[in-house]
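Chemist: Take this structure first; my questions come after.
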Amino acid sequence: MKTRCMLCGRVIEIEDLTPDPYEEEEDMPKKRSLQVCQMCQAKLKREADESQKIPKPM
């Protein structure tokens with residue numbers, strides 16, 4: 001299955017390993033899962049780590 005990265009728009013190839021048992025129900029609308037590519041995951045992790053650090057005193 002091909003999806004796009006939520007942040008940069010790069011095409012991501014994803015394999016569906018486990019079938020969804022609720023997929024057969026037609027009453028519920030399908031939810032689009034939000035995916036983030038590995039490059040954007042690394043960027044987000046780095047930004048989160050830097051924001052948690054205590055700033056060095058001058």
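Residue numbering restarts at 1 in every chain; chains get A, B, ... in the order shown in the structure tokens, and ligands count up from 1 in that same order.
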Would you pick out the contacts of range 2-12 of chain A at 10 Å or less, using only C-alpha atoms, so that residues sharing its chain but fewer than 5 positions from it are not included, and give the list as number ranges by chain?

Modeler: A: 32-41

Chemist: Please indicate the distance in Å from CA of Ala42 in chain A to CA of Glu13 in chain A, rounded to one decimal place.

Modeler: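 These atoms are spaced 17.8 Å apart.
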